[in-house]
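First comes the structure, then the notes that go with it.
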Amino acid sequence: MSESRNEVVLYWRPWCPYCMKLMFQLLFVRLPVRKVNIWRDPEAAAFVRSVADGNETVPTVDVAGHPLVNPSRRQLLAAVREHAPHLLNRRR
């Protein structure tokens with residue numbers, strides 16, 4: 001779903017405590033993240049279902065074309081270091 005394989009996309013939905021937790025943790029990391037509400041974007045919801053065994057499990061994060069379902073901050077940053085390390089040095 002990610003239009004660019006050179007970005008981090010966080011798929012979320014309102015009132016999701018796991019999404020809120022991850023978004024809060026990412027406030028303290030200099031990482032550009034594009035947030036997509038799956039309740040407002042049917043294509044985003046379909047993407048999440050395609051990588052989460054048919055479920056709309058959020059947060060789901062696409063790191064430069066590598067999806068992670070419900071990752072911890074540590075797992076997300078490890079994926080960024082592996083697949084898109086140049087994003088760690090960019091400012092929002």
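If you're wondering about the labels, chains in the structure tokens are A, B, ... by order shown, residues count from 1 in each chain, ligands from 1 in order shown.
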Item to check | Residues of chain A in alpha helix (DSSP H), written as a PyMOL selection string | outcome: chain A and resi 17-26+42-51+73-83
Closest-contact table, range 44-68 of chain A side, partner range 23-39 of chain A, 12 Å, counting only C-alpha atoms, as a Markdown table:
| residue | atom | partner | partner_atom | distance |
| --- | --- | --- | --- | --- |
| A:Ala44 | CA | A:Ile38 | CA | 5.3 |
| A:Ala45 | CA | A:Ile38 | CA | 4.7 |
| A:Ala46 | CA | A:Ile38 | CA | 8.5 |
| A:Phe47 | CA | A:Ile38 | CA | 9.2 |
| A:Val48 | CA | A:Ile38 | CA | 8.2 |
| A:Arg49 | CA | A:Ile38 | CA | 10.3 |
| A:Asn55 | CA | A:Ile38 | CA | 11.9 |
| A:Glu56 | CA | A:Ile38 | CA | 8.3 |
| A:Thr57 | CA | A:Ile38 | CA | 10.1 |
| A:Val58 | CA | A:Ile38 | CA | 8.8 |
| A:Pro59 | CA | A:Met23 | CA | 9.2 |
| A:Thr60 | CA | A:Val36 | CA | 10.0 |
| A:Val61 | CA | A:Lys35 | CA | 9.2 |
| A:Asp62 | CA | A:Arg34 | CA | 9.8 |
| A:Val63 | CA | A:Val33 | CA | 9.5 |
| A:Ala64 | CA | A:Val33 | CA | 11.1 |
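The nearest approach to Tyr11 in chain A among the residues A:Asp53, A:Pro71, A:Ala79, A:Ala84, with only C-alpha atoms taken into account, belongs to A:Pro71.
CA of Val51 in chain A lies 7.0 Å from CA of Pro67 in chain A.
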Next on the checklist: DSSP on the backbone: which residues in chain A end up as strand (DSSP E or B)? Give the answer as a PyMOL selection string.
Outcome noted: chain A and resi 8-12+33-37+60-63+66-69
File of the preceding selection, all heavy atoms, as a compact mmCIF listing (two decimals), in the first residue's frame:
# COMPACT_ATOMS: atom_id res chain seq x y z
N VAL A 8 8.07 5.48 6.29
CA VAL A 8 7.42 4.71 7.34
C VAL A 8 5.96 5.15 7.38
O VAL A 8 5.68 6.34 7.52
CB VAL A 8 8.10 4.94 8.71
CG1 VAL A 8 7.34 4.22 9.81
CG2 VAL A 8 9.55 4.49 8.67
N VAL A 9 5.06 4.19 7.26
CA VAL A 9 3.64 4.47 7.30
C VAL A 9 3.04 3.71 8.48
O VAL A 9 3.20 2.49 8.58
CB VAL A 9 2.92 4.05 5.99
CG1 VAL A 9 1.44 4.40 6.05
CG2 VAL A 9 3.59 4.70 4.79
N LEU A 10 2.36 4.42 9.35
CA LEU A 10 1.72 3.83 10.52
C LEU A 10 0.22 3.80 10.28
O LEU A 10 -0.41 4.85 10.14
CB LEU A 10 2.05 4.64 11.78
CG LEU A 10 1.58 4.01 13.09
CD1 LEU A 10 2.57 4.38 14.18
CD2 LEU A 10 0.21 4.46 13.48
N TYR A 11 -0.34 2.60 10.19
CA TYR A 11 -1.78 2.42 10.02
C TYR A 11 -2.39 2.29 11.40
O TYR A 11 -1.93 1.48 12.22
CB TYR A 11 -2.05 1.17 9.17
CG TYR A 11 -1.49 1.30 7.78
CD1 TYR A 11 -0.23 0.80 7.47
CD2 TYR A 11 -2.20 1.95 6.79
CE1 TYR A 11 0.31 0.94 6.20
CE2 TYR A 11 -1.67 2.09 5.51
CZ TYR A 11 -0.42 1.58 5.23
OH TYR A 11 0.10 1.73 3.97
N TRP A 12 -3.42 3.09 11.67
CA TRP A 12 -4.02 3.15 13.00
C TRP A 12 -5.52 3.36 12.87
O TRP A 12 -6.04 3.52 11.77
CB TRP A 12 -3.39 4.30 13.80
CG TRP A 12 -3.76 5.66 13.26
CD1 TRP A 12 -3.27 6.25 12.13
CD2 TRP A 12 -4.73 6.55 13.80
NE1 TRP A 12 -3.89 7.47 11.94
CE2 TRP A 12 -4.78 7.68 12.96
CE3 TRP A 12 -5.55 6.50 14.91
CZ2 TRP A 12 -5.63 8.75 13.21
CZ3 TRP A 12 -6.39 7.58 15.16
CH2 TRP A 12 -6.42 8.68 14.30
N VAL A 33 7.06 9.89 10.09
CA VAL A 33 6.05 8.83 10.00
C VAL A 33 4.80 9.42 9.39
O VAL A 33 4.31 10.46 9.83
CB VAL A 33 5.73 8.25 11.40
CG1 VAL A 33 4.62 7.23 11.31
CG2 VAL A 33 6.97 7.66 12.04
N ARG A 34 4.28 8.73 8.38
CA ARG A 34 2.99 9.13 7.81
C ARG A 34 1.92 8.26 8.46
O ARG A 34 2.02 7.03 8.44
CB ARG A 34 2.99 8.93 6.29
CG ARG A 34 1.69 9.37 5.63
CD ARG A 34 1.82 9.48 4.13
NE ARG A 34 2.23 8.27 3.48
CZ ARG A 34 1.41 7.39 2.91
NH1 ARG A 34 0.10 7.59 2.93
NH2 ARG A 34 1.89 6.32 2.31
N LYS A 35 0.93 8.89 9.06
CA LYS A 35 -0.13 8.17 9.76
C LYS A 35 -1.37 8.06 8.87
O LYS A 35 -1.79 9.04 8.27
CB LYS A 35 -0.47 8.88 11.06
CG LYS A 35 0.69 8.93 12.03
CD LYS A 35 0.35 9.78 13.23
CE LYS A 35 1.55 9.94 14.12
NZ LYS A 35 2.29 11.16 13.86
N VAL A 36 -1.95 6.85 8.81
CA VAL A 36 -3.12 6.61 7.99
C VAL A 36 -4.19 5.94 8.85
O VAL A 36 -3.97 4.85 9.40
CB VAL A 36 -2.79 5.72 6.78
CG1 VAL A 36 -4.03 5.47 5.94
CG2 VAL A 36 -1.69 6.34 5.93
N ASN A 37 -5.35 6.59 8.96
CA ASN A 37 -6.48 6.07 9.72
C ASN A 37 -7.21 5.06 8.83
O ASN A 37 -7.79 5.43 7.81
CB ASN A 37 -7.40 7.23 10.10
CG ASN A 37 -8.62 6.81 10.87
OD1 ASN A 37 -9.01 5.65 10.89
ND2 ASN A 37 -9.26 7.79 11.48
N THR A 60 -0.34 -1.29 12.52
CA THR A 60 0.47 -1.99 11.54
C THR A 60 1.34 -0.92 10.92
O THR A 60 0.87 0.18 10.63
CB THR A 60 -0.41 -2.68 10.48
OG1 THR A 60 -1.10 -3.76 11.11
CG2 THR A 60 0.42 -3.22 9.32
N VAL A 61 2.61 -1.24 10.73
CA VAL A 61 3.55 -0.25 10.22
C VAL A 61 4.24 -0.82 8.99
O VAL A 61 4.68 -1.97 9.00
CB VAL A 61 4.61 0.14 11.29
CG1 VAL A 61 5.55 1.20 10.76
CG2 VAL A 61 3.93 0.60 12.57
N ASP A 62 4.34 -0.03 7.95
CA ASP A 62 5.06 -0.39 6.74
C ASP A 62 6.36 0.40 6.75
O ASP A 62 6.35 1.63 6.68
CB ASP A 62 4.23 -0.06 5.51
CG ASP A 62 4.88 -0.52 4.22
OD1 ASP A 62 6.11 -0.62 4.17
OD2 ASP A 62 4.14 -0.75 3.25
N VAL A 63 7.47 -0.31 6.87
CA VAL A 63 8.79 0.33 6.86
C VAL A 63 9.43 0.05 5.51
O VAL A 63 9.90 -1.06 5.26
CB VAL A 63 9.69 -0.20 7.99
CG1 VAL A 63 11.07 0.43 7.92
CG2 VAL A 63 9.06 0.03 9.34
N HIS A 66 8.25 -3.12 4.10
CA HIS A 66 8.33 -4.27 5.00
C HIS A 66 7.31 -4.09 6.14
O HIS A 66 7.55 -3.30 7.04
CB HIS A 66 9.74 -4.43 5.56
CG HIS A 66 10.75 -4.71 4.51
ND1 HIS A 66 11.35 -3.71 3.77
CD2 HIS A 66 11.23 -5.88 4.03
CE1 HIS A 66 12.17 -4.25 2.90
NE2 HIS A 66 12.12 -5.57 3.03
N PRO A 67 6.17 -4.81 6.07
CA PRO A 67 5.12 -4.61 7.06
C PRO A 67 5.43 -5.26 8.41
O PRO A 67 6.03 -6.33 8.47
CB PRO A 67 3.89 -5.25 6.41
CG PRO A 67 4.44 -6.24 5.45
CD PRO A 67 5.77 -5.72 5.00
N LEU A 68 5.00 -4.58 9.47
CA LEU A 68 5.11 -5.09 10.84
C LEU A 68 3.73 -4.95 11.47
O LEU A 68 3.15 -3.87 11.46
CB LEU A 68 6.10 -4.25 11.64
CG LEU A 68 7.52 -4.13 11.11
CD1 LEU A 68 8.24 -2.99 11.81
CD2 LEU A 68 8.25 -5.43 11.31
N VAL A 69 3.21 -6.03 12.04
CA VAL A 69 1.90 -6.01 12.67
C VAL A 69 2.09 -5.87 14.18
O VAL A 69 2.76 -6.69 14.80
CB VAL A 69 1.09 -7.27 12.32
CG1 VAL A 69 -0.25 -7.26 13.03
CG2 VAL A 69 0.90 -7.38 10.82
